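These notes concern the structure reproduced below.
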Amino acid sequence: MKKTALVFLWILLASGISACGKQASAEGSGSTVTIGVVGEAQEMWGPVKEELAKEGINLELVTFTDYSTPNAALAGGEIDLNAFQHYAYLNKEIESYGYEIEAIGDTFISAMNIYSRNLTDVSQVQRGSKVAVPGDASNEGRALKVLEAAGLIVLDKKAGDSPEAADIVDNPLQLELVEVDAANVCALLPDVAIAVINCNYALDNGLNPGKDSIFQDSVDIYEGKNYVNLIAAGKGEADNEVYKRIVEAYQTEAVKEVYKEAFKGSYLPAWE
């Protein structure tokens with residue numbers, strides 16, 4: 001009888017400990033949340049961590065060196081959240097590996113702007129001008145969307161957010177696309193009228209995405225969320241109160257300011 005009572009008491013205590021842990025997680029008091037990121041440039045999380053710390057939520061960044069690991073780590077329960085990818089990548093990972101993870105909040109898109117050595121506005125582009133764009137399918141599709149938003153070409157609406165050169169239905173200035181590796185587009189700036197350049201390569205080549213471009217990318221250019229980066233959690237965790245609070249703390253003016261100052265306009269907020 002005593003043994004049975006002790007076992008029952010142990011079960012109650014174990015249940016109580018579990019319940020307390022969940023309650024702490026829900027309220028945020030004294031909880032630690034690990035979030036997987038890629039690369040060392042994570043200044044945007046500074047104001048987020050500072051704000052959450054006031055509420056007893058300790059946000060711990062776990063840095064990965066490649067893009068193939070954070071989703072596996074999240075699906076395997078090694079980390080609580082991750083923030084390193086856009087929707088197109090997440091959807092492909094889920095399709096390929098069957099990960100039970102999902103987006104719980106939007107963060108930014110990486111700006112893909114138009115630059116020029118000789119022009120100050122896209123209205124100055126002349127007939128027959130050469131336009132340098134990344135040659136890979138994903139980046140070229142985005143570059144074409146940016147060129148369309150700038151009023152330089154018209155794309156077939158059926159192509160959505162991933163058009164190809166063959167989807168150009170109107171090219172009034174008879175622009176000539178020069179397709180090269182994304183990393184080499186900047187090198188062509190002296191030889192073309194304009195170039196559509198990924199923000200990371202723009203920064204690597206001394207360009208300021210927020211000031212030096214003659215036309216800026218925008219979240220509104222795209223119909224869907226393929227290129228929007230996100231915060232991901234395990235399947236069914238979207239209603240976790242602590243996770244929801246982390247998303248709220250991220251989607252603030254303070255983080256926008258970090259985008260503008262630390263990243264020179266490379267990242268554009270995508271939650272509005």
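Residues in the structure tokens are named by chain (A, B, ... in the order shown) and by number from 1 within that chain; ligands are numbered from 1 in the order shown.
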What are the closest atom pairs, with distances in Å to one decimal, for each residue of segment 158-245 of chain A lying within 8 Å of segment 123-135 of chain A, using only C-alpha atoms, rows by chain and rising residue number, as a Markdown table?
```
| residue | atom | partner | partner_atom | distance |
| --- | --- | --- | --- | --- |
| A:Pro172 | CA | A:Arg127 | CA | 8.0 |
| A:Leu173 | CA | A:Arg127 | CA | 4.3 |
| A:Gln174 | CA | A:Gly128 | CA | 5.1 |
| A:Leu175 | CA | A:Gly128 | CA | 4.9 |
| A:Glu176 | CA | A:Lys130 | CA | 4.7 |
| A:Leu177 | CA | A:Val131 | CA | 4.9 |
| A:Val178 | CA | A:Ala132 | CA | 4.6 |
| A:Glu179 | CA | A:Gly135 | CA | 4.5 |
| A:Val180 | CA | A:Gly135 | CA | 4.9 |
| A:Asp181 | CA | A:Pro134 | CA | 5.4 |
| A:Ala182 | CA | A:Pro134 | CA | 4.3 |
| A:Ala183 | CA | A:Pro134 | CA | 7.9 |
| A:Val185 | CA | A:Ala132 | CA | 6.1 |
| A:Leu188 | CA | A:Ala132 | CA | 6.9 |
| A:Leu189 | CA | A:Ala132 | CA | 7.8 |
| A:Val192 | CA | A:Lys130 | CA | 5.0 |
| A:Ala193 | CA | A:Lys130 | CA | 5.6 |
| A:Ile194 | CA | A:Val131 | CA | 5.2 |
| A:Ala195 | CA | A:Ala132 | CA | 4.5 |
| A:Val196 | CA | A:Val133 | CA | 5.3 |
| A:Ile197 | CA | A:Val133 | CA | 7.1 |
```
Find the spatial neighbours of Asn205 of chain A, counting only C-alpha atoms, within a cut-off of 10 Å - ignore same-chain residues fewer than 5 positions away - and output them as a PyMOL selection string. chain A and resi 183+186-187+199-200
Determine, counting only C-alpha atoms, which protein, DNA and RNA residues have an atom within 9 Å of an atom of Phe263 of chain A; residues of the same chain fewer than 3 positions away are not included. Present the result as a PyMOL selection string. chain A and resi 41+43+203+208-210+258-260+266-267
Given the selection you just returned, output its residues as a file containing C-alpha atoms, formatted as an mmCIF file, in the first residue's frame.
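Printed below is selection00.cif as written:
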```cif
data_model
loop_
_atom_site.group_PDB
_atom_site.id
_atom_site.type_symbol
_atom_site.label_atom_id
_atom_site.label_comp_id
_atom_site.auth_asym_id
_atom_site.auth_seq_id
_atom_site.Cartn_x
_atom_site.Cartn_y
_atom_site.Cartn_z
ATOM 1 C CA ALA A 41 25.645 38.953 -39.025
ATOM 2 C CA GLU A 43 22.511 42.320 -35.325
ATOM 3 C CA LEU A 203 27.644 45.115 -50.212
ATOM 4 C CA ASN A 208 25.066 50.798 -50.380
ATOM 5 C CA PRO A 209 21.689 49.184 -51.240
ATOM 6 C CA GLY A 210 19.773 51.906 -49.448
ATOM 7 C CA VAL A 258 18.847 47.803 -37.616
ATOM 8 C CA TYR A 259 17.971 46.828 -41.194
ATOM 9 C CA LYS A 260 18.526 50.418 -42.233
ATOM 10 C CA SER A 266 19.798 45.290 -47.639
ATOM 11 C CA TYR A 267 16.825 43.873 -45.780
#
```
Hey, what does DSSP flag as helix (DSSP H, G or I) within segment 182-235 of chain A? Can you give it to me as an mmCIF file with all heavy atoms, in the first residue's frame?
```
data_model
loop_
_atom_site.group_PDB
_atom_site.id
_atom_site.type_symbol
_atom_site.label_atom_id
_atom_site.label_comp_id
_atom_site.auth_asym_id
_atom_site.auth_seq_id
_atom_site.Cartn_x
_atom_site.Cartn_y
_atom_site.Cartn_z
ATOM 1 N N ALA A 182 25.454 35.252 -60.472
ATOM 2 C CA ALA A 182 25.030 36.340 -59.578
ATOM 3 C C ALA A 182 26.206 37.075 -58.945
ATOM 4 O O ALA A 182 26.159 38.294 -58.759
ATOM 5 C CB ALA A 182 24.110 35.787 -58.490
ATOM 6 N N ALA A 183 27.274 36.348 -58.643
ATOM 7 C CA ALA A 183 28.439 36.959 -57.996
ATOM 8 C C ALA A 183 29.211 37.872 -58.941
ATOM 9 O O ALA A 183 30.023 38.688 -58.491
ATOM 10 C CB ALA A 183 29.360 35.865 -57.461
ATOM 11 N N ASN A 184 28.964 37.752 -60.246
ATOM 12 C CA ASN A 184 29.738 38.532 -61.222
ATOM 13 C C ASN A 184 28.969 39.697 -61.841
ATOM 14 O O ASN A 184 29.516 40.409 -62.693
ATOM 15 C CB ASN A 184 30.215 37.600 -62.347
ATOM 16 C CG ASN A 184 31.162 36.533 -61.839
ATOM 17 O OD1 ASN A 184 31.938 36.771 -60.916
ATOM 18 N ND2 ASN A 184 31.091 35.345 -62.425
ATOM 19 N N CYS A 186 28.055 42.558 -60.553
ATOM 20 C CA CYS A 186 28.674 43.847 -60.215
ATOM 21 C C CYS A 186 29.834 44.196 -61.140
ATOM 22 O O CYS A 186 30.032 45.361 -61.495
ATOM 23 C CB CYS A 186 29.169 43.827 -58.766
ATOM 24 S SG CYS A 186 27.942 44.363 -57.571
ATOM 25 N N ALA A 187 30.603 43.185 -61.524
ATOM 26 C CA ALA A 187 31.775 43.421 -62.368
ATOM 27 C C ALA A 187 31.394 43.961 -63.739
ATOM 28 O O ALA A 187 32.225 44.572 -64.423
ATOM 29 C CB ALA A 187 32.571 42.123 -62.522
ATOM 30 N N LEU A 188 30.131 43.770 -64.129
ATOM 31 C CA LEU A 188 29.683 44.232 -65.439
ATOM 32 C C LEU A 188 29.152 45.663 -65.429
ATOM 33 O O LEU A 188 28.823 46.201 -66.492
ATOM 34 C CB LEU A 188 28.591 43.296 -65.979
ATOM 35 C CG LEU A 188 29.034 41.903 -66.436
ATOM 36 C CD1 LEU A 188 27.844 41.127 -66.967
ATOM 37 C CD2 LEU A 188 30.117 41.998 -67.500
ATOM 38 N N LEU A 189 29.059 46.280 -64.280
ATOM 39 C CA LEU A 189 28.503 47.632 -64.198
ATOM 40 C C LEU A 189 29.142 48.630 -65.176
ATOM 41 O O LEU A 189 28.429 49.448 -65.769
ATOM 42 C CB LEU A 189 28.605 48.166 -62.752
ATOM 43 C CG LEU A 189 27.413 47.886 -61.840
ATOM 44 C CD1 LEU A 189 27.692 48.390 -60.433
ATOM 45 C CD2 LEU A 189 26.141 48.516 -62.385
ATOM 46 N N PRO A 190 30.463 48.604 -65.401
ATOM 47 C CA PRO A 190 31.047 49.577 -66.352
ATOM 48 C C PRO A 190 30.630 49.321 -67.805
ATOM 49 O O PRO A 190 30.739 50.215 -68.645
ATOM 50 C CB PRO A 190 32.561 49.361 -66.178
ATOM 51 C CG PRO A 190 32.712 48.690 -64.859
ATOM 52 C CD PRO A 190 31.503 47.826 -64.720
ATOM 53 N N ASP A 191 30.142 48.108 -68.082
ATOM 54 C CA ASP A 191 29.880 47.713 -69.470
ATOM 55 C C ASP A 191 28.400 47.648 -69.835
ATOM 56 O O ASP A 191 28.074 47.361 -70.988
ATOM 57 C CB ASP A 191 30.510 46.345 -69.745
ATOM 58 C CG ASP A 191 31.995 46.318 -69.406
ATOM 59 O OD1 ASP A 191 32.698 47.260 -69.810
ATOM 60 O OD2 ASP A 191 32.423 45.375 -68.718
ATOM 61 N N CYS A 199 21.634 41.886 -52.841
ATOM 62 C CA CYS A 199 22.158 42.809 -51.831
ATOM 63 C C CYS A 199 23.499 42.371 -51.258
ATOM 64 O O CYS A 199 24.366 43.210 -51.000
ATOM 65 C CB CYS A 199 21.143 43.011 -50.709
ATOM 66 S SG CYS A 199 20.798 41.542 -49.715
ATOM 67 N N ASN A 200 23.697 41.066 -51.068
ATOM 68 C CA ASN A 200 24.963 40.623 -50.479
ATOM 69 C C ASN A 200 26.143 40.922 -51.401
ATOM 70 O O ASN A 200 27.221 41.340 -50.957
ATOM 71 C CB ASN A 200 24.912 39.141 -50.121
ATOM 72 C CG ASN A 200 24.552 38.248 -51.297
ATOM 73 O OD1 ASN A 200 23.647 38.558 -52.071
ATOM 74 N ND2 ASN A 200 25.240 37.129 -51.440
ATOM 75 N N TYR A 201 25.930 40.754 -52.710
ATOM 76 C CA TYR A 201 27.011 41.054 -53.654
ATOM 77 C C TYR A 201 27.198 42.559 -53.822
ATOM 78 O O TYR A 201 28.310 43.031 -54.063
ATOM 79 C CB TYR A 201 26.736 40.385 -54.997
ATOM 80 C CG TYR A 201 26.755 38.877 -54.913
ATOM 81 C CD1 TYR A 201 25.650 38.119 -55.310
ATOM 82 C CD2 TYR A 201 27.869 38.199 -54.417
ATOM 83 C CE1 TYR A 201 25.662 36.735 -55.213
ATOM 84 C CE2 TYR A 201 27.885 36.819 -54.308
ATOM 85 C CZ TYR A 201 26.776 36.092 -54.718
ATOM 86 O OH TYR A 201 26.792 34.723 -54.618
ATOM 87 N N ALA A 202 26.109 43.304 -53.686
ATOM 88 C CA ALA A 202 26.227 44.763 -53.724
ATOM 89 C C ALA A 202 27.111 45.245 -52.577
ATOM 90 O O ALA A 202 28.033 46.059 -52.767
ATOM 91 C CB ALA A 202 24.845 45.407 -53.642
ATOM 92 N N LEU A 203 26.850 44.739 -51.383
ATOM 93 C CA LEU A 203 27.644 45.115 -50.212
ATOM 94 C C LEU A 203 29.104 44.694 -50.371
ATOM 95 O O LEU A 203 30.019 45.454 -50.042
ATOM 96 C CB LEU A 203 27.049 44.479 -48.954
ATOM 97 C CG LEU A 203 25.722 45.053 -48.451
ATOM 98 C CD1 LEU A 203 25.156 44.176 -47.341
ATOM 99 C CD2 LEU A 203 25.906 46.486 -47.948
ATOM 100 N N ASP A 204 29.306 43.477 -50.890
ATOM 101 C CA ASP A 204 30.672 42.974 -51.071
ATOM 102 C C ASP A 204 31.477 43.855 -52.024
ATOM 103 O O ASP A 204 32.711 43.884 -51.963
ATOM 104 C CB ASP A 204 30.653 41.539 -51.611
ATOM 105 C CG ASP A 204 30.178 40.528 -50.566
ATOM 106 O OD1 ASP A 204 30.139 40.888 -49.371
ATOM 107 O OD2 ASP A 204 29.850 39.393 -50.952
ATOM 108 N N VAL A 219 8.635 44.633 -51.252
ATOM 109 C CA VAL A 219 7.811 43.455 -50.954
ATOM 110 C C VAL A 219 6.596 43.427 -51.875
ATOM 111 O O VAL A 219 6.119 42.356 -52.282
ATOM 112 C CB VAL A 219 7.361 43.475 -49.482
ATOM 113 C CG1 VAL A 219 6.448 42.290 -49.171
ATOM 114 C CG2 VAL A 219 8.566 43.454 -48.549
ATOM 115 N N ASP A 220 6.093 44.599 -52.232
ATOM 116 C CA ASP A 220 4.871 44.695 -53.040
ATOM 117 C C ASP A 220 5.044 44.217 -54.476
ATOM 118 O O ASP A 220 4.056 44.015 -55.185
ATOM 119 C CB ASP A 220 4.372 46.145 -53.059
ATOM 120 C CG ASP A 220 4.027 46.660 -51.673
ATOM 121 O OD1 ASP A 220 3.661 45.820 -50.826
ATOM 122 O OD2 ASP A 220 4.133 47.868 -51.436
ATOM 123 N N ILE A 221 6.271 44.039 -54.906
ATOM 124 C CA ILE A 221 6.531 43.594 -56.279
ATOM 125 C C ILE A 221 6.025 42.163 -56.501
ATOM 126 O O ILE A 221 5.594 41.807 -57.595
ATOM 127 C CB ILE A 221 8.036 43.678 -56.595
ATOM 128 C CG1 ILE A 221 8.457 45.146 -56.720
ATOM 129 C CG2 ILE A 221 8.393 42.899 -57.853
ATOM 130 C CD1 ILE A 221 9.953 45.339 -56.898
#
```
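Minimum atom-to-atom distances from A:Gly234, A:Gly206, A:Tyr222, A:Gly105 to Leu144 of chain A were compared using only C-alpha atoms, and the lowest value belongs to A:Tyr222.
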Can you list, as a VMD selection string, every residue of segment 14-209 of chain A that DSSP puts in strand (DSSP E or B)? chain A and resid 31 to 38 57 to 64 81 to 82 86 101 to 106 108 to 110 112 to 115 130 to 134 154 to 155 168 to 170 176 to 180 194 to 198
Put those residues in a file: N, CA and C atoms, as a short mmCIF file (atom, residue, chain, number, x, y, z; two decimals), in the first residue's frame.
```cif
data_model
loop_
_atom_site.label_atom_id
_atom_site.label_comp_id
_atom_site.auth_asym_id
_atom_site.auth_seq_id
_atom_site.Cartn_x
_atom_site.Cartn_y
_atom_site.Cartn_z
N SER A 31 12.08 31.32 -19.09
CA SER A 31 12.23 30.33 -20.14
C SER A 31 13.36 30.72 -21.10
N THR A 32 14.01 29.71 -21.68
CA THR A 32 15.04 29.91 -22.68
C THR A 32 14.57 29.31 -24.00
N VAL A 33 14.67 30.08 -25.06
CA VAL A 33 14.27 29.62 -26.39
C VAL A 33 15.48 29.69 -27.30
N THR A 34 15.79 28.56 -27.94
CA THR A 34 16.92 28.52 -28.86
C THR A 34 16.42 28.72 -30.29
N ILE A 35 17.13 29.55 -31.04
CA ILE A 35 16.73 29.82 -32.42
C ILE A 35 17.93 29.69 -33.35
N GLY A 36 17.80 28.84 -34.34
CA GLY A 36 18.89 28.57 -35.27
C GLY A 36 19.00 29.64 -36.34
N VAL A 37 20.19 30.15 -36.56
CA VAL A 37 20.47 31.15 -37.59
C VAL A 37 21.69 30.71 -38.38
N VAL A 38 21.91 31.34 -39.54
CA VAL A 38 23.07 31.03 -40.37
C VAL A 38 23.91 32.29 -40.54
N ILE A 57 12.27 36.11 -20.84
CA ILE A 57 12.50 35.17 -21.94
C ILE A 57 13.94 35.33 -22.43
N ASN A 58 14.71 34.28 -22.31
CA ASN A 58 16.10 34.30 -22.74
C ASN A 58 16.18 33.72 -24.15
N LEU A 59 16.50 34.55 -25.13
CA LEU A 59 16.60 34.11 -26.51
C LEU A 59 18.06 33.78 -26.82
N GLU A 60 18.31 32.54 -27.16
CA GLU A 60 19.68 32.08 -27.39
C GLU A 60 19.85 31.72 -28.87
N LEU A 61 20.76 32.43 -29.56
CA LEU A 61 21.02 32.15 -30.97
C LEU A 61 21.98 30.99 -31.11
N VAL A 62 21.62 30.04 -31.98
CA VAL A 62 22.48 28.90 -32.29
C VAL A 62 22.92 29.07 -33.74
N THR A 63 24.19 29.33 -33.95
CA THR A 63 24.70 29.65 -35.29
C THR A 63 25.12 28.41 -36.06
N PHE A 64 24.58 28.26 -37.27
CA PHE A 64 24.95 27.19 -38.17
C PHE A 64 25.77 27.77 -39.32
N LEU A 81 13.34 27.09 -32.57
CA LEU A 81 12.92 27.85 -33.74
C LEU A 81 14.11 27.98 -34.69
N ASN A 82 13.86 28.43 -35.91
CA ASN A 82 14.97 28.87 -36.74
C ASN A 82 14.54 30.05 -37.58
N HIS A 86 13.77 31.60 -46.75
CA HIS A 86 12.51 32.14 -47.23
C HIS A 86 11.53 31.00 -47.48
N ILE A 101 7.56 21.07 -39.84
CA ILE A 101 7.83 22.42 -39.35
C ILE A 101 7.01 23.40 -40.18
N GLU A 102 6.82 24.61 -39.65
CA GLU A 102 6.00 25.59 -40.34
C GLU A 102 6.42 27.01 -39.98
N ALA A 103 6.07 27.95 -40.84
CA ALA A 103 6.36 29.37 -40.59
C ALA A 103 5.40 29.90 -39.54
N ILE A 104 5.92 30.72 -38.63
CA ILE A 104 5.07 31.36 -37.62
C ILE A 104 5.14 32.88 -37.68
N GLY A 105 6.03 33.42 -38.52
CA GLY A 105 6.13 34.87 -38.63
C GLY A 105 7.07 35.28 -39.75
N ASP A 106 6.75 36.39 -40.42
CA ASP A 106 7.57 36.90 -41.52
C ASP A 106 8.62 37.87 -40.99
N PHE A 108 11.90 39.42 -43.39
CA PHE A 108 12.34 40.39 -44.40
C PHE A 108 12.49 39.72 -45.77
N ILE A 109 12.68 40.56 -46.79
CA ILE A 109 13.20 40.06 -48.06
C ILE A 109 14.56 40.73 -48.26
N SER A 110 15.47 40.00 -48.91
CA SER A 110 16.78 40.56 -49.23
C SER A 110 16.64 41.39 -50.50
N MET A 112 16.87 43.28 -53.89
CA MET A 112 17.53 43.05 -55.17
C MET A 112 17.27 44.29 -56.01
N ASN A 113 18.19 45.23 -55.98
CA ASN A 113 17.98 46.55 -56.57
C ASN A 113 18.63 46.70 -57.94
N ILE A 114 18.26 47.80 -58.61
CA ILE A 114 18.88 48.16 -59.89
C ILE A 114 19.94 49.22 -59.64
N TYR A 115 21.15 49.00 -60.21
CA TYR A 115 22.26 49.94 -60.05
C TYR A 115 22.79 50.36 -61.42
N LYS A 130 22.06 47.44 -72.63
CA LYS A 130 22.35 46.14 -72.03
C LYS A 130 22.01 46.17 -70.54
N VAL A 131 21.42 45.06 -70.08
CA VAL A 131 21.01 44.94 -68.68
C VAL A 131 21.60 43.66 -68.11
N ALA A 132 22.45 43.77 -67.09
CA ALA A 132 23.06 42.60 -66.48
C ALA A 132 22.14 42.03 -65.40
N VAL A 133 21.92 40.72 -65.45
CA VAL A 133 21.07 40.05 -64.47
C VAL A 133 21.73 38.72 -64.09
N PRO A 134 21.40 38.21 -62.89
CA PRO A 134 21.91 36.88 -62.52
C PRO A 134 21.34 35.83 -63.46
N VAL A 154 7.40 44.02 -69.56
CA VAL A 154 6.13 43.46 -69.10
C VAL A 154 6.25 41.94 -69.17
N LEU A 155 5.83 41.28 -68.10
CA LEU A 155 5.91 39.82 -68.02
C LEU A 155 4.54 39.17 -68.14
N ILE A 168 8.85 37.33 -71.01
CA ILE A 168 8.75 38.75 -71.33
C ILE A 168 7.81 38.91 -72.53
N VAL A 169 6.69 39.58 -72.32
CA VAL A 169 5.71 39.74 -73.40
C VAL A 169 5.81 41.13 -74.05
N ASP A 170 6.51 42.03 -73.40
CA ASP A 170 6.70 43.36 -74.00
C ASP A 170 8.04 43.92 -73.53
N GLU A 176 18.67 44.39 -73.94
CA GLU A 176 19.41 43.13 -74.11
C GLU A 176 19.85 42.61 -72.74
N LEU A 177 19.34 41.45 -72.37
CA LEU A 177 19.72 40.86 -71.10
C LEU A 177 21.08 40.19 -71.20
N VAL A 178 21.95 40.50 -70.25
CA VAL A 178 23.26 39.87 -70.17
C VAL A 178 23.25 39.00 -68.91
N GLU A 179 23.19 37.69 -69.10
CA GLU A 179 23.04 36.76 -67.99
C GLU A 179 24.41 36.23 -67.55
N VAL A 180 24.73 36.44 -66.28
CA VAL A 180 26.00 35.95 -65.72
C VAL A 180 25.73 35.40 -64.32
N ILE A 194 22.47 49.23 -66.93
CA ILE A 194 21.99 48.96 -65.58
C ILE A 194 22.25 47.50 -65.23
N ALA A 195 22.21 47.20 -63.93
CA ALA A 195 22.39 45.83 -63.47
C ALA A 195 21.49 45.59 -62.27
N VAL A 196 20.93 44.38 -62.20
CA VAL A 196 20.10 43.99 -61.06
C VAL A 196 20.96 43.10 -60.17
N ILE A 197 21.23 43.56 -58.94
CA ILE A 197 22.25 42.93 -58.11
C ILE A 197 21.68 42.50 -56.75
N ASN A 198 22.01 41.27 -56.35
CA ASN A 198 21.65 40.79 -55.01
C ASN A 198 22.33 41.66 -53.95
#
```
Have a look at atom CA of Asn118 of chain A and atom CA of Arg142 of chain A and let me know their distance in Å, one decimal.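 Taking atom CA of Asn118 of chain A as the start and atom CA of Arg142 of chain A as the end point, the length is 23.2 Å.
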What lies within 8 Å of Trp45 of chain A using only C-alpha atoms, ignoring chain neighbours under 4 positions off, as a list in words?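 Non-adjacent residues within range: Lys49, Tyr250 and Val255 of chain A.
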Could you please take those selected residues and save C-alpha atoms as an mmCIF file, in the first residue's frame?
```cif
data_model
loop_
_atom_site.group_PDB
_atom_site.id
_atom_site.type_symbol
_atom_site.label_atom_id
_atom_site.label_comp_id
_atom_site.auth_asym_id
_atom_site.auth_seq_id
_atom_site.Cartn_x
_atom_site.Cartn_y
_atom_site.Cartn_z
ATOM 1 C CA LYS A 49 16.763 39.785 -27.117
ATOM 2 C CA TYR A 250 10.938 40.999 -33.908
ATOM 3 C CA VAL A 255 14.453 45.926 -35.972
#
```
d(atom CA of Ala53 of chain A, atom CA of Thr69 of chain A) in Å: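 Distance between the two atoms: 27.3 Å.
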Which residue, A:Ser116, A:Thr65, A:Thr252, A:Ser213, has the smallest gap to Glu272 of chain A when you use only C-alpha atoms?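 Result for the nearest residue to Glu272 of chain A: A:Thr252.
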Go through A:Val122, A:Glu257, A:Ala166, A:Phe84 and flag the residue nearest Gly151 of chain A, using only C-alpha atoms for the distances. A:Val122
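Between Glu237 of chain A and the candidates A:Asn71, A:Glu51, A:Ala83, A:Glu100, the tightest atom-to-atom separation, counting only C-alpha atoms, involves A:Glu100.
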Two-atom distance - atom CA of Tyr227 of chain A, atom CA of Tyr87 of chain A (Å):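 A separation of 6.3 Å between them.
For the choices A:Ile79, A:Val242, A:Ala143, A:Ala233, the atom-to-atom distance to Tyr99 of chain A is smallest for A:Ala233 when using only C-alpha atoms.
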Can you build me a table of segment 159-230 of chain A residues sitting at most 9 Å from segment 88-93 of chain A, with the closest atom pair per residue and its distance in Å to one decimal, using only C-alpha atoms, sorted by chain and residue number, as JSON lines?
```
{"residue": "A:Lys225", "atom": "CA", "partner": "A:Ala88", "partner_atom": "CA", "distance": 7.8}
{"residue": "A:Asn226", "atom": "CA", "partner": "A:Ala88", "partner_atom": "CA", "distance": 4.6}
{"residue": "A:Tyr227", "atom": "CA", "partner": "A:Ala88", "partner_atom": "CA", "distance": 6.5}
{"residue": "A:Val228", "atom": "CA", "partner": "A:Ala88", "partner_atom": "CA", "distance": 8.3}
```
